[in-house]
2 protein chains.
Amino acid sequence: MTDIPPDHPRYESLLAREKVAAGVKMGFTSIQGLIAQGRGESFDYLLGERSTESALYAERAAVAALLLAENPVISVNGNVAALAPEKVVALADLTGAKIEVNLFHRTETRMHLIIEQLKACGASEVLGKNPDASLDLSHDRRLVESRGIYSADVVLVPLEDGDRCEKLVEMEKIVITIDLNPLSRTSRMATISIVDNLTRALGNMAKFAGEMRKERKDELVNLITSYDNKKVLSEAISEIQEHLKNLAAEVEY
Amino acid sequence: MTDIPPDHPRYESLLAREKVAAGVKMGFTSIQGLIAQGRGESFDYLLGERSTESALYAERAAVAALLLAENPVISVNGNVAALAPEKVVALADLTGAKIEVNLFHRTETRMHLIIEQLKACGASEVLGKNPDASLDLSHDRRLVESRGIYSADVVLVPLEDGDRCEKLVEMEKIVITIDLNPLSRTSRMATISIVDNLTRALGNMAKFAGEMRKERKDELVNLITSYDNKKVLSEAISEIQEHLKNLAAEVEY
């Protein structure tokens, strides 16, 4: 990897870029995944590259949903495996969630490499290699395992495509997404839409899970029943507008 | 390339994505170029994927500058070669500009492939392979030809990095950039900042060049002397804010 000085003002963003590029070289991130990373960079820049109050609110609700679930599953794709595999494993451990690899550009090699990467980060079991169930989709993201995504009551699908998100919601699952574009179909479809950078979001969620797993069940239930996703999305838009105004003022436009 | 139906609402954007991915496979676009394409996609989406009034105003001024120049040069990198090589050649022909390849991630192979690509699109001469001059930069974008970018009075640098843009401005050249982020260092540094999608911008500019090359010289001079770049950048921000408001209203946030 390129040496990026840790005091660079955009260190985290540049590091993430390097990680995704390394993921492509190692064969588990797709070329389309790089373009998606770039799209995310722009929205993160417009949000000020920080977890906003409304993102933290959604992340707490998401952790509550995972902790209360009977069969929670975290879905992993090539970008997630490149960017934050160790955070996925930590969050799965803390919430009791299963991990399942699910790819749009699916090949046996990519499946294998991603599963190995997650295991190297400490995952004891990773589903996805032997799909025995199918979602109603025309592309390879339909391929799922019956004891994983197919039967899950709560699914965390970071960096999702809109199609699959919609299907999972139709199947009456609680769908948690992490997507920096608050206007994307994914964000609009999800039950809990986290508008935050993947690495920050998973880090925050693991921290919250460590704290919240000790809380009383009714407190977690309360977090979910009072949760307002529309408000989260609307506040994300306001945050972008506000930040854009500040940036424009700084450069004196 | 994947088959994208031409009636797809985001056909142009998806086609551009395929072209850049194909550029990587053919060896002339860098992996970093893909992430840059993604960043551009987000800003284009926020601008409504259209050439705004202020972009068209900047594009006309840019064409006037190219037509009035003594030694205009169009700088080409891997993304430009992947996305719109034939438009670069058309604009160069109509304005009498030279074409020079200039790469951040420079290798002899990439230089060769991009030059051949431009020649296949009709370019008679493409500079860049034998740099005999240097800009005051630490990376490979410093390598230029003395009769090309080095001595140019007007340089069009689409999809630029901020560093080189700054150096060229310091050398008292008229620097025209095409960058969808109106807040980037490139956009802030340039003499004429075109905040538009590369393919649309080059297409518009070739059309304007065909019309404007017949105009009287003093009319072209007038276009440049009255040109206000600060206004262009500030209007681009307003366009994004306005479009964001409309998008949020559409999805009822």
# chains A, B, ... in the order shown; residues from 1 in each chain; ligands from 1

call {"tool": "select_by_dssp", "arguments": {"residues": "range 41-80 of chain A", "states": "alpha helix (DSSP H)", "output": "PyMOL selection string"}}
result
chain A and resi 41-47+53-68+78-80

call {"tool": "residues_around", "arguments": {"residues": "range 132-148 of chain A", "least_positions_apart": "2", "cutoff": "10 Å", "atoms": "only C-alpha atoms", "output": "VMD selection string"}}
result
chain A and resid 71 to 75 77 97 to 107 126 to 130 150 to 153 155 161 163 to 164 167 to 168 171

call {"tool": "atom_distance", "arguments": {"atom1": "CA of Met111 in chain B", "atom2": "CA of Ser30 in chain B"}}
result
11.9 Å

call {"tool": "interface_residues", "arguments": {"of": "chain A", "to": "chain B", "cutoff": "10 Å", "atoms": "only C-alpha atoms", "output": "PyMOL selection string"}}
result
chain A and resi 17-18+20-22+24-25+31-43+45-46+181-183+185+188+229-238+240-242+244-245+247-253

call {"tool": "write_last_selection", "arguments": {"atoms": "N, CA and C atoms", "output": "tab-separated table (two decimals), in the first residue's frame"}}
result
chain	number	residue	atom	x	y	z
A	17	ARG	N	-9.53	4.26	0.39
A	17	ARG	CA	-9.32	4.14	-1.06
A	17	ARG	C	-8.25	3.08	-1.35
A	18	GLU	N	-7.17	3.12	-0.59
A	18	GLU	CA	-6.09	2.15	-0.77
A	18	GLU	C	-6.57	0.73	-0.48
A	20	VAL	N	-9.61	-0.49	-0.77
A	20	VAL	CA	-10.48	-1.03	-1.82
A	20	VAL	C	-9.65	-1.37	-3.05
A	21	ALA	N	-8.66	-0.53	-3.37
A	21	ALA	CA	-7.78	-0.82	-4.51
A	21	ALA	C	-7.01	-2.12	-4.25
A	22	ALA	N	-6.57	-2.31	-3.00
A	22	ALA	CA	-5.87	-3.56	-2.65
A	22	ALA	C	-6.82	-4.75	-2.77
A	24	VAL	N	-9.16	-5.08	-4.92
A	24	VAL	CA	-9.24	-5.43	-6.35
A	24	VAL	C	-8.02	-6.26	-6.73
A	25	LYS	N	-6.85	-5.81	-6.29
A	25	LYS	CA	-5.63	-6.54	-6.65
A	25	LYS	C	-5.63	-7.95	-6.07
A	31	ILE	N	-14.37	-4.32	-9.94
A	31	ILE	CA	-14.08	-3.01	-10.51
A	31	ILE	C	-15.25	-2.05	-10.25
A	32	GLN	N	-16.47	-2.57	-10.34
A	32	GLN	CA	-17.65	-1.75	-10.04
A	32	GLN	C	-17.62	-1.29	-8.58
A	33	GLY	N	-17.01	-2.11	-7.73
A	33	GLY	CA	-16.89	-1.75	-6.32
A	33	GLY	C	-16.05	-0.51	-6.11
A	34	LEU	N	-15.06	-0.31	-6.98
A	34	LEU	CA	-14.21	0.88	-6.89
A	34	LEU	C	-15.00	2.14	-7.22
A	35	ILE	N	-15.84	2.02	-8.24
A	35	ILE	CA	-16.66	3.18	-8.62
A	35	ILE	C	-17.63	3.51	-7.48
A	36	ALA	N	-18.18	2.46	-6.87
A	36	ALA	CA	-19.08	2.67	-5.73
A	36	ALA	C	-18.35	3.35	-4.58
A	37	GLN	N	-17.09	2.96	-4.36
A	37	GLN	CA	-16.28	3.60	-3.31
A	37	GLN	C	-16.15	5.10	-3.59
A	38	GLY	N	-15.91	5.43	-4.84
A	38	GLY	CA	-15.79	6.84	-5.23
A	38	GLY	C	-17.09	7.61	-4.98
A	39	ARG	N	-18.21	6.98	-5.33
A	39	ARG	CA	-19.51	7.64	-5.08
A	39	ARG	C	-19.66	7.93	-3.59
A	40	GLY	N	-19.31	6.94	-2.78
A	40	GLY	CA	-19.39	7.12	-1.34
A	40	GLY	C	-18.49	8.25	-0.86
A	41	GLU	N	-17.29	8.32	-1.41
A	41	GLU	CA	-16.35	9.39	-1.01
A	41	GLU	C	-16.97	10.76	-1.15
A	42	SER	N	-17.66	10.98	-2.26
A	42	SER	CA	-18.26	12.31	-2.49
A	42	SER	C	-19.32	12.63	-1.45
A	43	PHE	N	-20.18	11.66	-1.18
A	43	PHE	CA	-21.23	11.93	-0.18
A	43	PHE	C	-20.63	12.11	1.20
A	45	TYR	N	-17.69	13.32	1.87
A	45	TYR	CA	-17.12	14.66	1.82
A	45	TYR	C	-18.20	15.71	2.09
A	46	LEU	N	-19.37	15.51	1.47
A	46	LEU	CA	-20.46	16.47	1.64
A	46	LEU	C	-21.08	16.40	3.04
A	181	ASN	N	-25.51	7.73	0.55
A	181	ASN	CA	-26.46	8.55	-0.21
A	181	ASN	C	-27.85	8.41	0.42
A	182	PRO	N	-28.34	9.45	1.09
A	182	PRO	CA	-29.64	9.35	1.76
A	182	PRO	C	-30.81	9.29	0.77
A	183	LEU	N	-30.53	9.54	-0.51
A	183	LEU	CA	-31.60	9.55	-1.51
A	183	LEU	C	-31.62	8.28	-2.35
A	185	ARG	N	-32.12	4.38	-3.62
A	185	ARG	CA	-33.26	3.49	-3.44
A	185	ARG	C	-33.05	2.63	-2.19
A	188	ARG	N	-33.95	4.61	0.81
A	188	ARG	CA	-35.39	4.86	0.88
A	188	ARG	C	-36.17	3.61	1.25
A	229	ASN	N	-37.31	6.50	10.89
A	229	ASN	CA	-36.33	6.45	9.80
A	229	ASN	C	-36.45	7.65	8.85
A	230	LYS	N	-37.69	8.10	8.64
A	230	LYS	CA	-37.91	9.27	7.77
A	230	LYS	C	-37.14	10.47	8.30
A	231	LYS	N	-37.16	10.61	9.62
A	231	LYS	CA	-36.47	11.73	10.26
A	231	LYS	C	-34.96	11.61	10.02
A	232	VAL	N	-34.43	10.39	10.11
A	232	VAL	CA	-33.00	10.16	9.89
A	232	VAL	C	-32.59	10.60	8.48
A	233	LEU	N	-33.40	10.21	7.50
A	233	LEU	CA	-33.07	10.54	6.11
A	233	LEU	C	-33.20	12.03	5.86
A	234	SER	N	-34.23	12.61	6.41
A	234	SER	CA	-34.43	14.04	6.20
A	234	SER	C	-33.32	14.85	6.88
A	235	GLU	N	-32.88	14.39	8.05
A	235	GLU	CA	-31.77	15.09	8.71
A	235	GLU	C	-30.46	14.93	7.96
A	236	ALA	N	-30.27	13.78	7.32
A	236	ALA	CA	-29.04	13.59	6.54
A	236	ALA	C	-28.99	14.60	5.39
A	237	ILE	N	-30.12	14.80	4.74
A	237	ILE	CA	-30.18	15.80	3.66
A	237	ILE	C	-29.86	17.19	4.22
A	238	SER	N	-30.46	17.52	5.36
A	238	SER	CA	-30.19	18.83	5.97
A	238	SER	C	-28.72	18.99	6.31
A	240	ILE	N	-26.17	17.65	4.79
A	240	ILE	CA	-25.43	17.90	3.55
A	240	ILE	C	-25.62	19.35	3.13
A	241	GLN	N	-26.85	19.83	3.20
A	241	GLN	CA	-27.12	21.22	2.79
A	241	GLN	C	-26.37	22.20	3.66
A	242	GLU	N	-26.38	21.92	4.95
A	242	GLU	CA	-25.70	22.81	5.89
A	242	GLU	C	-24.19	22.81	5.64
A	244	LEU	N	-22.58	21.99	2.93
A	244	LEU	CA	-22.31	22.60	1.62
A	244	LEU	C	-22.29	24.13	1.76
A	245	LYS	N	-23.20	24.64	2.54
A	245	LYS	CA	-23.26	26.10	2.77
A	245	LYS	C	-21.98	26.56	3.47
A	247	LEU	N	-19.02	25.01	3.50
A	247	LEU	CA	-17.87	24.86	2.60
A	247	LEU	C	-17.83	26.02	1.61
A	248	ALA	N	-18.97	26.38	1.09
A	248	ALA	CA	-19.02	27.48	0.11
A	248	ALA	C	-18.62	28.79	0.77
A	249	ALA	N	-19.00	28.98	2.02
A	249	ALA	CA	-18.64	30.20	2.75
A	249	ALA	C	-17.13	30.24	2.99
A	250	GLU	N	-16.56	29.07	3.34
A	250	GLU	CA	-15.11	28.98	3.59
A	250	GLU	C	-14.29	29.40	2.38
A	251	VAL	N	-14.71	28.97	1.20
A	251	VAL	CA	-13.94	29.30	0.00
A	251	VAL	C	-14.44	30.60	-0.63
A	252	GLU	N	-15.34	31.26	0.09
A	252	GLU	CA	-15.85	32.59	-0.31
A	252	GLU	C	-16.49	32.62	-1.68
A	253	TYR	N	-17.32	31.66	-1.98
A	253	TYR	CA	-18.08	31.70	-3.23
A	253	TYR	C	-19.25	32.64	-3.03

call {"tool": "atom_distance", "arguments": {"atom1": "CA of Ser193 in chain B", "atom2": "CA of Glu211 in chain B"}}
result
21.3 Å

call {"tool": "residues_around", "arguments": {"residues": "Val88 in chain A", "least_positions_apart": "3", "cutoff": "8 Å", "atoms": "only C-alpha atoms", "output": "list in words"}}
result
Ile74, Ala84, Pro85, Leu91, Ala92 and Leu202 of chain A

call {"tool": "write_last_selection", "arguments": {"atoms": "N, CA, C and O atoms", "output": "PDB file, in the first residue's frame"}}
result
ATOM      1  N   ILE A  74     -25.379 -10.701   9.096  1.00  0.00           N
ATOM      2  CA  ILE A  74     -24.662  -9.592   8.455  1.00  0.00           C
ATOM      3  C   ILE A  74     -24.227 -10.078   7.078  1.00  0.00           C
ATOM      4  O   ILE A  74     -23.514 -11.070   6.956  1.00  0.00           O
ATOM      5  N   ALA A  84     -13.461  -3.379   5.984  1.00  0.00           N
ATOM      6  CA  ALA A  84     -13.601  -3.530   7.439  1.00  0.00           C
ATOM      7  C   ALA A  84     -13.952  -4.946   7.879  1.00  0.00           C
ATOM      8  O   ALA A  84     -14.878  -5.142   8.664  1.00  0.00           O
ATOM      9  N   PRO A  85     -13.204  -5.958   7.417  1.00  0.00           N
ATOM     10  CA  PRO A  85     -13.562  -7.342   7.780  1.00  0.00           C
ATOM     11  C   PRO A  85     -13.505  -7.577   9.293  1.00  0.00           C
ATOM     12  O   PRO A  85     -14.363  -8.254   9.856  1.00  0.00           O
ATOM     13  N   LEU A  91     -18.580  -7.079  15.319  1.00  0.00           N
ATOM     14  CA  LEU A  91     -20.005  -6.799  15.492  1.00  0.00           C
ATOM     15  C   LEU A  91     -20.816  -8.100  15.533  1.00  0.00           C
ATOM     16  O   LEU A  91     -21.757  -8.229  16.342  1.00  0.00           O
ATOM     17  N   ALA A  92     -20.449  -9.059  14.702  1.00  0.00           N
ATOM     18  CA  ALA A  92     -21.144 -10.357  14.694  1.00  0.00           C
ATOM     19  C   ALA A  92     -20.976 -11.044  16.047  1.00  0.00           C
ATOM     20  O   ALA A  92     -21.946 -11.552  16.621  1.00  0.00           O
ATOM     21  N   LEU A 202     -19.570   0.738  11.261  1.00  0.00           N
ATOM     22  CA  LEU A 202     -19.348  -0.565  11.911  1.00  0.00           C
ATOM     23  C   LEU A 202     -18.581  -0.396  13.219  1.00  0.00           C
ATOM     24  O   LEU A 202     -18.853  -1.097  14.199  1.00  0.00           O
TER      25      LEU A 202
END

call {"tool": "select_by_dssp", "arguments": {"residues": "range 153-205 of chain A", "states": "strand (DSSP E or B)", "output": "count of residues only"}}
result
13

call {"tool": "closest_residue", "arguments": {"among": "A:Leu66, A:Cys165, A:Ile176, A:Leu159", "to": "Thr191 in chain A", "atoms": "only C-alpha atoms"}}
result
A:Ile176

call {"tool": "residues_around", "arguments": {"residues": "Asn204 in chain B", "least_positions_apart": "4", "cutoff": "12 Å", "atoms": "only C-alpha atoms", "output": "JSON, numbers by chain"}}
result
{"B": [50, 51, 52, 53, 55, 56, 57, 58, 59, 60, 61, 62, 63, 87, 88, 90, 91, 194, 196, 197, 198, 199, 200, 208, 209, 210, 211, 212]}

call {"tool": "residues_around", "arguments": {"residues": "Ser124 in chain B", "least_positions_apart": "4", "cutoff": "10 Å", "atoms": "only C-alpha atoms", "output": "PyMOL selection string"}}
result
chain B and resi 89+93+98-99+118-120

call {"tool": "closest_residue", "arguments": {"among": "B:Ala82, B:Leu223, B:Leu47, B:Leu94", "to": "Leu15 in chain B", "atoms": "only C-alpha atoms"}}
result
B:Ala82

call {"tool": "residues_around", "arguments": {"residues": "Lys217 in chain A", "least_positions_apart": "3", "cutoff": "9 Å", "atoms": "only C-alpha atoms", "output": "list of chain:residue names"}}
result
A:Ala64, A:Leu67, A:Leu68, A:Arg213, A:Lys214, A:Leu220, A:Val221, A:Asn222

call {"tool": "decode", "arguments": {"residues": "range 190-219 of chain B", "atoms": "N, CA and C atoms", "output": "JSON list (two decimals), in the first residue's frame"}}
result
[["chain", "number", "residue", "atom", "x", "y", "z"],
["B", 190, "ALA", "N", -8.54, 27.04, -10.93],
["B", 190, "ALA", "CA", -8.56, 27.23, -12.38],
["B", 190, "ALA", "C", -8.98, 28.64, -12.80],
["B", 191, "THR", "N", -8.57, 29.03, -14.00],
["B", 191, "THR", "CA", -9.03, 30.30, -14.58],
["B", 191, "THR", "C", -10.49, 30.16, -15.03],
["B", 192, "ILE", "N", -10.78, 29.06, -15.70],
["B", 192, "ILE", "CA", -12.15, 28.77, -16.14],
["B", 192, "ILE", "C", -12.48, 27.37, -15.65],
["B", 193, "SER", "N", -13.42, 27.29, -14.69],
["B", 193, "SER", "CA", -13.76, 26.01, -14.07],
["B", 193, "SER", "C", -15.09, 25.52, -14.63],
["B", 194, "ILE", "N", -15.01, 24.49, -15.43],
["B", 194, "ILE", "CA", -16.24, 23.91, -15.99],
["B", 194, "ILE", "C", -16.74, 22.83, -15.03],
["B", 195, "VAL", "N", -17.89, 23.08, -14.40],
["B", 195, "VAL", "CA", -18.46, 22.10, -13.47],
["B", 195, "VAL", "C", -19.50, 21.30, -14.25],
["B", 196, "ASP", "N", -19.03, 20.28, -14.92],
["B", 196, "ASP", "CA", -19.90, 19.50, -15.79],
["B", 196, "ASP", "C", -19.26, 18.13, -15.99],
["B", 197, "ASN", "N", -20.08, 17.21, -16.42],
["B", 197, "ASN", "CA", -19.62, 15.87, -16.79],
["B", 197, "ASN", "C", -18.70, 15.98, -18.00],
["B", 198, "LEU", "N", -17.60, 15.21, -17.99],
["B", 198, "LEU", "CA", -16.60, 15.31, -19.06],
["B", 198, "LEU", "C", -17.18, 15.13, -20.45],
["B", 199, "THR", "N", -17.96, 14.07, -20.62],
["B", 199, "THR", "CA", -18.49, 13.75, -21.95],
["B", 199, "THR", "C", -19.42, 14.85, -22.44],
["B", 200, "ARG", "N", -20.31, 15.32, -21.57],
["B", 200, "ARG", "CA", -21.21, 16.40, -21.97],
["B", 200, "ARG", "C", -20.42, 17.67, -22.26],
["B", 201, "ALA", "N", -19.46, 17.99, -21.38],
["B", 201, "ALA", "CA", -18.69, 19.24, -21.54],
["B", 201, "ALA", "C", -17.94, 19.26, -22.87],
["B", 202, "LEU", "N", -17.23, 18.17, -23.18],
["B", 202, "LEU", "CA", -16.45, 18.14, -24.42],
["B", 202, "LEU", "C", -17.38, 18.19, -25.64],
["B", 203, "GLY", "N", -18.53, 17.53, -25.53],
["B", 203, "GLY", "CA", -19.51, 17.56, -26.62],
["B", 203, "GLY", "C", -20.03, 18.99, -26.85],
["B", 204, "ASN", "N", -20.40, 19.65, -25.76],
["B", 204, "ASN", "CA", -20.87, 21.05, -25.88],
["B", 204, "ASN", "C", -19.78, 21.93, -26.47],
["B", 205, "MET", "N", -18.56, 21.74, -25.98],
["B", 205, "MET", "CA", -17.46, 22.62, -26.42],
["B", 205, "MET", "C", -17.16, 22.43, -27.90],
["B", 206, "ALA", "N", -17.23, 21.18, -28.38],
["B", 206, "ALA", "CA", -16.98, 20.95, -29.81],
["B", 206, "ALA", "C", -18.07, 21.64, -30.63],
["B", 207, "LYS", "N", -19.30, 21.56, -30.16],
["B", 207, "LYS", "CA", -20.42, 22.22, -30.87],
["B", 207, "LYS", "C", -20.20, 23.74, -30.88],
["B", 208, "PHE", "N", -19.88, 24.30, -29.71],
["B", 208, "PHE", "CA", -19.64, 25.75, -29.63],
["B", 208, "PHE", "C", -18.46, 26.15, -30.51],
["B", 209, "ALA", "N", -17.42, 25.33, -30.53],
["B", 209, "ALA", "CA", -16.23, 25.66, -31.32],
["B", 209, "ALA", "C", -16.59, 25.74, -32.80],
["B", 210, "GLY", "N", -17.45, 24.82, -33.25],
["B", 210, "GLY", "CA", -17.89, 24.84, -34.65],
["B", 210, "GLY", "C", -18.59, 26.14, -35.00],
["B", 211, "GLU", "N", -19.38, 26.66, -34.05],
["B", 211, "GLU", "CA", -20.11, 27.92, -34.29],
["B", 211, "GLU", "C", -19.18, 29.13, -34.09],
["B", 212, "MET", "N", -18.44, 29.12, -33.00],
["B", 212, "MET", "CA", -17.71, 30.32, -32.58],
["B", 212, "MET", "C", -16.46, 30.62, -33.42],
["B", 213, "ARG", "N", -15.94, 29.60, -34.09],
["B", 213, "ARG", "CA", -14.74, 29.85, -34.89],
["B", 213, "ARG", "C", -15.04, 30.80, -36.05],
["B", 214, "LYS", "N", -16.34, 30.98, -36.35],
["B", 214, "LYS", "CA", -16.73, 31.92, -37.43],
["B", 214, "LYS", "C", -16.95, 33.33, -36.89],
["B", 215, "GLU", "N", -16.96, 33.49, -35.57],
["B", 215, "GLU", "CA", -17.25, 34.81, -34.98],
["B", 215, "GLU", "C", -16.05, 35.76, -35.06],
["B", 216, "ARG", "N", -16.34, 37.06, -34.92],
["B", 216, "ARG", "CA", -15.27, 38.06, -34.96],
["B", 216, "ARG", "C", -14.42, 37.94, -33.70],
["B", 217, "LYS", "N", -13.14, 38.22, -33.83],
["B", 217, "LYS", "CA", -12.19, 38.06, -32.73],
["B", 217, "LYS", "C", -12.60, 38.90, -31.51],
["B", 218, "ASP", "N", -13.08, 40.13, -31.75],
["B", 218, "ASP", "CA", -13.42, 40.98, -30.60],
["B", 218, "ASP", "C", -14.61, 40.44, -29.81],
["B", 219, "GLU", "N", -15.46, 39.68, -30.47],
["B", 219, "GLU", "CA", -16.58, 39.07, -29.74],
["B", 219, "GLU", "C", -16.06, 37.97, -28.80]]
